[in-house]
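What follows is a short report on a single structure.
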Amino acid sequence: MIFDEFLKRACPPRGLDWRKYRRASRRNVLSRIYQLGLGGFSEYADYIDANPLEAAFLPNLLRVTVSRFFRETKLWDHLVADILPAMVAEHSASRPLQVLHIGCCNGEEPYSMALLWKNEIEPVFPGAGISITALDIDRSCLDRAREGWYQRKTLREAPGDLLRKWFKPEEDGYRLHDEIRRMVNFRQFDLLKDDLPREQDIVFCRYLVFTYFQGRRRRELAESIARSLRPGGLLVLGQKESIGPQKEDLLTPVHQTLKIYCNVSQA
Ligand SMILES: C[S@@+](CC[C@H](N)C(=O)[O-])C[C@H]1O[C@@H](n2cnc3c(N)ncnc32)[C@H](O)[C@@H]1O
């Protein structure tokens, strides 16, 4: 059995979209097969069918952990030019904005938010506050995030002035300034088990639920993400993703190309 056939057999019953897994996942599966002393993909597929615990472990085994600072730069331009100033003007006199990143990887996405806030929003709205929470299931990703050390390639979309101001070049990479690191609260979290924090103004859920999950599991996760937003709060997806027509009654598109949705469920 080749890897694609294994994915086609093992993924759909577990609510996973087999087409989205790449070479990195193949390596993980092969090392698991080796660990278990099995003969190949076909035997492993049988093993999964016979072992519910192994089946539950499959999403972790296939997990893709790739991210970049300011991934899809147009989104960040729009956040600075439109979304954040409007939200700050509406709310921040009474409370800090609540921003949540689900599947934060090594911190690239929540730190992009912190950098934008520090550089672009704080100078214009000096009294405004923000609380950034970043969740991921993967402990080693969270450790790397807290450490704040990055290779150049993950910073290729970062604006040069931010890079110069907030990163210290080191031998093989760049270290993020403590002031920015302190702005993000990282937490280990399993989206398939744990309850999301509520009353969020903006939730980022990019290249996780709406890429790797499908069917009922994806619909249930969309509902739980909608519940984590306050009325009028915004959900941000990746530009190659979409929420699907079934959930547009809860989360209405407000920007088609940037994939931003508004929680209208209780508004
Ligand atoms: C492809 S990365 C996306 C990173 C970032 N959001 C971006 O778009 O650049 C997906 C992340 O989701 C995390 N993840 C996967 N399953 C998860 C789960 N059940 N609960 C929380 N995080 C999960 C992975 O560990 C990984 O860091």
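Identifiers in the structure tokens: chain A, B, ... in order shown; residue index from 1 per chain; ligand index from 1 in order shown.
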Mind running chain A against ligand 1 at 9 Å and telling me each contacting residue's nearest atom pair with the distance in Å (one decimal), counting only C-alpha atoms and all ligand atoms, chain and number ascending, as CSV?
residue,atom,partner,partner_atom_place_in_ligand_line,distance
A:Pro59,CA,ligand 1,16 (N),6.8
A:Asn60,CA,ligand 1,16 (N),6.5
A:Leu62,CA,ligand 1,15 (C),8.8
A:Arg63,CA,ligand 1,15 (C),5.6
A:Val64,CA,ligand 1,1 (C),5.0
A:Thr65,CA,ligand 1,26 (C),4.2
A:Val66,CA,ligand 1,1 (C),4.8
A:Ser67,CA,ligand 1,9 (O),3.6
A:Arg68,CA,ligand 1,9 (O),5.6
A:Phe69,CA,ligand 1,9 (O),7.6
A:Phe70,CA,ligand 1,9 (O),8.4
A:Arg71,CA,ligand 1,9 (O),6.3
A:His101,CA,ligand 1,6 (N),7.1
A:Ile102,CA,ligand 1,22 (N),6.2
A:Gly103,CA,ligand 1,12 (O),3.5
A:Cys104,CA,ligand 1,6 (N),4.9
A:Cys105,CA,ligand 1,27 (O),3.3
A:Asn106,CA,ligand 1,27 (O),6.8
A:Gly107,CA,ligand 1,5 (C),8.2
A:Glu108,CA,ligand 1,9 (O),6.9
A:Glu109,CA,ligand 1,9 (O),5.9
A:Pro110,CA,ligand 1,6 (N),8.7
A:Leu135,CA,ligand 1,21 (C),6.3
A:Asp136,CA,ligand 1,22 (N),3.9
A:Ile137,CA,ligand 1,21 (C),4.1
A:Asp138,CA,ligand 1,25 (O),4.7
A:Arg139,CA,ligand 1,25 (O),8.3
A:Ser140,CA,ligand 1,25 (O),9.0
A:Cys141,CA,ligand 1,27 (O),6.5
A:Leu142,CA,ligand 1,27 (O),8.6
A:Gln188,CA,ligand 1,21 (C),7.6
A:Phe189,CA,ligand 1,21 (C),5.4
A:Asp190,CA,ligand 1,20 (N),3.6
A:Leu191,CA,ligand 1,20 (N),3.8
A:Leu192,CA,ligand 1,19 (N),5.0
A:Lys193,CA,ligand 1,19 (N),7.6
A:Asp194,CA,ligand 1,20 (N),8.4
A:Phe204,CA,ligand 1,6 (N),7.1
A:Cys205,CA,ligand 1,6 (N),5.9
A:Arg206,CA,ligand 1,8 (O),4.2
A:Tyr207,CA,ligand 1,8 (O),4.8
A:Leu208,CA,ligand 1,10 (C),4.9
A:Val209,CA,ligand 1,16 (N),8.0
A:Thr211,CA,ligand 1,1 (C),8.6
A:Tyr212,CA,ligand 1,15 (C),8.7
A:Leu237,CA,ligand 1,8 (O),8.1
A:Gly238,CA,ligand 1,8 (O),6.4
Counting only C-alpha atoms, what is within 12 Å of Pro126 of chain A, bar same-chain residues fewer than 2 positions away, as a ChimeraX atom specification? /A:85,88-89,92-93,117-124,128-130
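Atom CA of Gln256 of chain A sits 18.8 Å away from atom CA of Ala86 of chain A.
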Neighbouring residues of Asn263 of chain A were defined as those with any atom within 10 Å, considering only C-alpha atoms; residues of the same chain fewer than 6 positions away were excluded. Please report them as number ranges by chain. A: 201-202, 225-235, 248-254
Okay, now the selection with all heavy atoms, as a compact mmCIF listing (two decimals), in the first residue's frame?
# COMPACT_ATOMS: atom_id res chain seq x y z
N ASP A 201 -12.72 38.98 20.74
CA ASP A 201 -13.00 39.95 19.68
C ASP A 201 -12.53 39.43 18.32
O ASP A 201 -13.20 39.65 17.32
CB ASP A 201 -12.30 41.28 19.98
CG ASP A 201 -12.89 41.95 21.20
OD1 ASP A 201 -14.03 42.43 21.09
OD2 ASP A 201 -12.25 41.95 22.26
N ILE A 202 -11.36 38.80 18.31
CA ILE A 202 -10.85 38.23 17.05
C ILE A 202 -10.29 36.84 17.36
O ILE A 202 -9.53 36.67 18.31
CB ILE A 202 -9.70 39.07 16.44
CG1 ILE A 202 -10.09 40.55 16.30
CG2 ILE A 202 -9.29 38.51 15.08
CD1 ILE A 202 -8.98 41.43 15.72
N ILE A 225 -16.04 27.33 17.67
CA ILE A 225 -15.26 28.56 17.44
C ILE A 225 -16.22 29.76 17.42
O ILE A 225 -15.93 30.82 17.99
CB ILE A 225 -14.45 28.47 16.14
CG1 ILE A 225 -13.35 27.41 16.30
CG2 ILE A 225 -13.85 29.81 15.76
CD1 ILE A 225 -12.64 27.03 15.02
N ALA A 226 -17.39 29.59 16.80
CA ALA A 226 -18.36 30.70 16.78
C ALA A 226 -18.75 31.08 18.20
O ALA A 226 -18.88 32.26 18.53
CB ALA A 226 -19.60 30.30 15.97
N ARG A 227 -18.91 30.08 19.08
CA ARG A 227 -19.28 30.37 20.48
C ARG A 227 -18.18 31.10 21.24
O ARG A 227 -18.44 31.76 22.23
CB ARG A 227 -19.63 29.07 21.23
CG ARG A 227 -21.01 28.51 20.90
CD ARG A 227 -21.42 27.45 21.91
NE ARG A 227 -20.52 26.30 21.92
CZ ARG A 227 -20.60 25.26 21.08
NH1 ARG A 227 -21.56 25.22 20.18
NH2 ARG A 227 -19.74 24.27 21.15
N SER A 228 -16.94 30.95 20.78
CA SER A 228 -15.85 31.63 21.50
C SER A 228 -15.81 33.13 21.18
O SER A 228 -15.14 33.90 21.86
CB SER A 228 -14.50 30.99 21.15
OG SER A 228 -14.10 31.38 19.85
N LEU A 229 -16.53 33.53 20.13
CA LEU A 229 -16.51 34.95 19.74
C LEU A 229 -17.64 35.71 20.43
O LEU A 229 -18.74 35.18 20.60
CB LEU A 229 -16.72 35.07 18.23
CG LEU A 229 -15.55 34.70 17.35
CD1 LEU A 229 -16.02 34.44 15.91
CD2 LEU A 229 -14.50 35.80 17.36
N ARG A 230 -17.38 36.94 20.78
CA ARG A 230 -18.49 37.77 21.27
C ARG A 230 -19.36 38.15 20.05
O ARG A 230 -18.89 38.04 18.90
CB ARG A 230 -17.96 39.02 21.98
CG ARG A 230 -17.23 39.94 21.06
CD ARG A 230 -16.91 41.27 21.70
NE ARG A 230 -16.27 42.10 20.71
CZ ARG A 230 -16.89 42.72 19.71
NH1 ARG A 230 -18.20 42.63 19.55
NH2 ARG A 230 -16.20 43.43 18.83
N PRO A 231 -20.61 38.59 20.28
CA PRO A 231 -21.42 39.04 19.13
C PRO A 231 -20.66 40.13 18.35
O PRO A 231 -20.13 41.06 18.95
CB PRO A 231 -22.67 39.62 19.79
CG PRO A 231 -22.75 38.95 21.11
CD PRO A 231 -21.34 38.70 21.55
N GLY A 232 -20.59 39.96 17.06
CA GLY A 232 -19.85 40.94 16.25
C GLY A 232 -18.35 40.65 16.16
O GLY A 232 -17.64 41.33 15.43
N GLY A 233 -17.88 39.64 16.90
CA GLY A 233 -16.45 39.29 16.85
C GLY A 233 -16.10 38.66 15.51
O GLY A 233 -16.96 38.17 14.78
N LEU A 234 -14.81 38.65 15.18
CA LEU A 234 -14.37 38.21 13.85
C LEU A 234 -13.54 36.94 13.90
O LEU A 234 -12.68 36.78 14.78
CB LEU A 234 -13.53 39.31 13.19
CG LEU A 234 -14.22 40.66 12.97
CD1 LEU A 234 -13.23 41.65 12.36
CD2 LEU A 234 -15.46 40.51 12.09
N LEU A 235 -13.80 36.06 12.94
CA LEU A 235 -12.97 34.86 12.76
C LEU A 235 -12.12 35.05 11.51
O LEU A 235 -12.65 35.41 10.45
CB LEU A 235 -13.88 33.63 12.59
CG LEU A 235 -13.17 32.35 12.14
CD1 LEU A 235 -12.18 31.86 13.19
CD2 LEU A 235 -14.19 31.24 11.86
N GLU A 248 -22.54 29.49 7.38
CA GLU A 248 -22.58 30.93 7.15
C GLU A 248 -23.74 31.61 7.86
O GLU A 248 -23.81 32.83 7.94
CB GLU A 248 -22.54 31.24 5.65
CG GLU A 248 -21.16 30.95 5.09
CD GLU A 248 -20.93 31.42 3.67
OE1 GLU A 248 -21.87 31.97 3.07
OE2 GLU A 248 -19.82 31.21 3.17
N ASP A 249 -24.68 30.82 8.44
CA ASP A 249 -25.71 31.44 9.27
C ASP A 249 -25.13 31.91 10.60
O ASP A 249 -25.60 32.87 11.21
CB ASP A 249 -26.87 30.46 9.51
CG ASP A 249 -26.38 29.13 10.06
OD1 ASP A 249 -25.21 28.78 9.80
OD2 ASP A 249 -27.15 28.45 10.75
N LEU A 250 -24.08 31.22 11.07
CA LEU A 250 -23.42 31.60 12.33
C LEU A 250 -22.32 32.62 12.09
O LEU A 250 -22.12 33.56 12.85
CB LEU A 250 -22.72 30.38 12.94
CG LEU A 250 -23.53 29.28 13.56
CD1 LEU A 250 -22.59 28.22 14.12
CD2 LEU A 250 -24.38 29.86 14.70
N LEU A 251 -21.57 32.37 11.02
CA LEU A 251 -20.37 33.16 10.74
C LEU A 251 -20.50 33.70 9.31
O LEU A 251 -20.34 32.97 8.35
CB LEU A 251 -19.13 32.28 10.88
CG LEU A 251 -18.85 31.81 12.31
CD1 LEU A 251 -17.97 30.56 12.33
CD2 LEU A 251 -18.17 32.90 13.12
N THR A 252 -20.81 34.98 9.20
CA THR A 252 -21.08 35.58 7.89
C THR A 252 -19.82 36.18 7.30
O THR A 252 -19.10 36.90 8.02
CB THR A 252 -22.14 36.70 8.08
OG1 THR A 252 -23.28 36.09 8.62
CG2 THR A 252 -22.49 37.36 6.78
N PRO A 253 -19.55 35.93 6.01
CA PRO A 253 -18.33 36.51 5.43
C PRO A 253 -18.42 38.04 5.41
O PRO A 253 -19.44 38.58 4.99
CB PRO A 253 -18.31 35.98 4.00
CG PRO A 253 -19.41 34.99 3.89
CD PRO A 253 -20.31 35.11 5.07
N VAL A 254 -17.36 38.69 5.91
CA VAL A 254 -17.31 40.15 5.80
C VAL A 254 -16.19 40.59 4.85
O VAL A 254 -16.12 41.73 4.46
CB VAL A 254 -17.14 40.85 7.18
CG1 VAL A 254 -18.39 40.71 8.00
CG2 VAL A 254 -15.93 40.33 7.94
Run DSSP on the backbone of this structure and report the residues of segment 47-201 of chain A it assigns to helix (DSSP H, G or I), as a ChimeraX atom specification. /A:47-50,52-62,73-91,108-121,139-147,152-155,160-166,178-181
Just list the residues in segment 162-260 of chain A DSSP gives strand (DSSP E or B) on the backbone, as a VMD selection string. chain A and resid 167 to 169 174 to 176 184 to 188 200 to 204 213 229 to 236 251 to 255 260
Kindly assemble as JSON lines a list of the segment 29-132 of chain A residues that lie within 9 Å of segment 10-20 of chain A, each paired with its nearest atom pair and their distance in Å to one decimal, using only C-alpha atoms, sorted first by chain and then by ascending residue number.
{"residue": "A:Ala45", "atom": "CA", "partner": "A:Ala10", "partner_atom": "CA", "distance": 6.2}
{"residue": "A:Ile48", "atom": "CA", "partner": "A:Ala10", "partner_atom": "CA", "distance": 7.7}
{"residue": "A:Asp49", "atom": "CA", "partner": "A:Ala10", "partner_atom": "CA", "distance": 8.1}
{"residue": "A:Ala55", "atom": "CA", "partner": "A:Arg14", "partner_atom": "CA", "distance": 7.7}
{"residue": "A:Ala56", "atom": "CA", "partner": "A:Arg14", "partner_atom": "CA", "distance": 8.0}
{"residue": "A:Leu58", "atom": "CA", "partner": "A:Cys11", "partner_atom": "CA", "distance": 8.3}
{"residue": "A:Pro59", "atom": "CA", "partner": "A:Leu16", "partner_atom": "CA", "distance": 7.6}
Would you compute the distance between atom CA of Gln98 of chain A and atom CA of Leu196 of chain A? Give it in Å to one decimal. 12.7 Å
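Near Leu258 of chain A, within 9 Å and counting only C-alpha atoms, sit Glu72, Lys74, Leu75, His78, Val236, Leu237, Gly238 and Gln239 of chain A, not including residues fewer than 6 positions from it in the same chain.
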Output for the residues just chosen: N, CA, C and O atoms as a JSON list (two decimals), in the first residue's frame:
[["chain", "number", "residue", "atom", "x", "y", "z"],
["A", 72, "GLU", "N", 0.60, 35.68, 4.53],
["A", 72, "GLU", "CA", -0.46, 36.35, 3.77],
["A", 72, "GLU", "C", -0.55, 37.82, 4.19],
["A", 72, "GLU", "O", -1.45, 38.25, 4.92],
["A", 74, "LYS", "N", -1.45, 40.61, 3.01],
["A", 74, "LYS", "CA", -2.61, 41.50, 2.80],
["A", 74, "LYS", "C", -3.54, 41.48, 4.01],
["A", 74, "LYS", "O", -4.18, 42.47, 4.33],
["A", 75, "LEU", "N", -3.63, 40.33, 4.66],
["A", 75, "LEU", "CA", -4.47, 40.25, 5.85],
["A", 75, "LEU", "C", -3.98, 41.23, 6.92],
["A", 75, "LEU", "O", -4.76, 41.97, 7.51],
["A", 78, "HIS", "N", -4.71, 44.80, 6.18],
["A", 78, "HIS", "CA", -6.13, 45.13, 6.42],
["A", 78, "HIS", "C", -6.41, 45.25, 7.93],
["A", 78, "HIS", "O", -7.18, 46.11, 8.35],
["A", 236, "VAL", "N", -10.82, 34.79, 11.65],
["A", 236, "VAL", "CA", -9.91, 34.92, 10.51],
["A", 236, "VAL", "C", -9.41, 33.53, 10.11],
["A", 236, "VAL", "O", -8.84, 32.82, 10.94],
["A", 237, "LEU", "N", -9.63, 33.18, 8.84],
["A", 237, "LEU", "CA", -9.10, 31.91, 8.32],
["A", 237, "LEU", "C", -7.93, 32.20, 7.39],
["A", 237, "LEU", "O", -7.63, 33.36, 7.07],
["A", 238, "GLY", "N", -7.29, 31.13, 6.90],
["A", 238, "GLY", "CA", -6.26, 31.29, 5.88],
["A", 238, "GLY", "C", -6.93, 31.59, 4.54],
["A", 238, "GLY", "O", -8.09, 31.23, 4.31],
["A", 239, "GLN", "N", -6.18, 32.23, 3.63],
["A", 239, "GLN", "CA", -6.80, 32.65, 2.37],
["A", 239, "GLN", "C", -7.15, 31.50, 1.44],
["A", 239, "GLN", "O", -7.95, 31.66, 0.53]]
Name all residues at most 10 Å from segment 168-184 of chain A (count only C-alpha atoms; drop same-chain ones fewer than 5 positions away) and give them as a list in words. Val99, Leu100, His101, Gly107, Pro110, Tyr111, Ser112, Met113, Ala114, Leu115, Trp117, Lys118, Ile130, Ser131, Ile132, Thr133, Ala134, Ala145, Arg146, Glu147, Gly148, Trp149, Tyr150, Gln151, Arg152, Lys153, Thr154, Leu155 and Leu163 of chain A
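When atom CA of Arg164 of chain A is paired with atom CA of Phe125 of chain A, their separation reads 22.9 Å.
Of the listed residues A:Trp166, A:Tyr44, A:Gly244, A:Ser224, the one whose atoms come nearest to Arg198 of chain A is A:Ser224, with distances taken using only C-alpha atoms.
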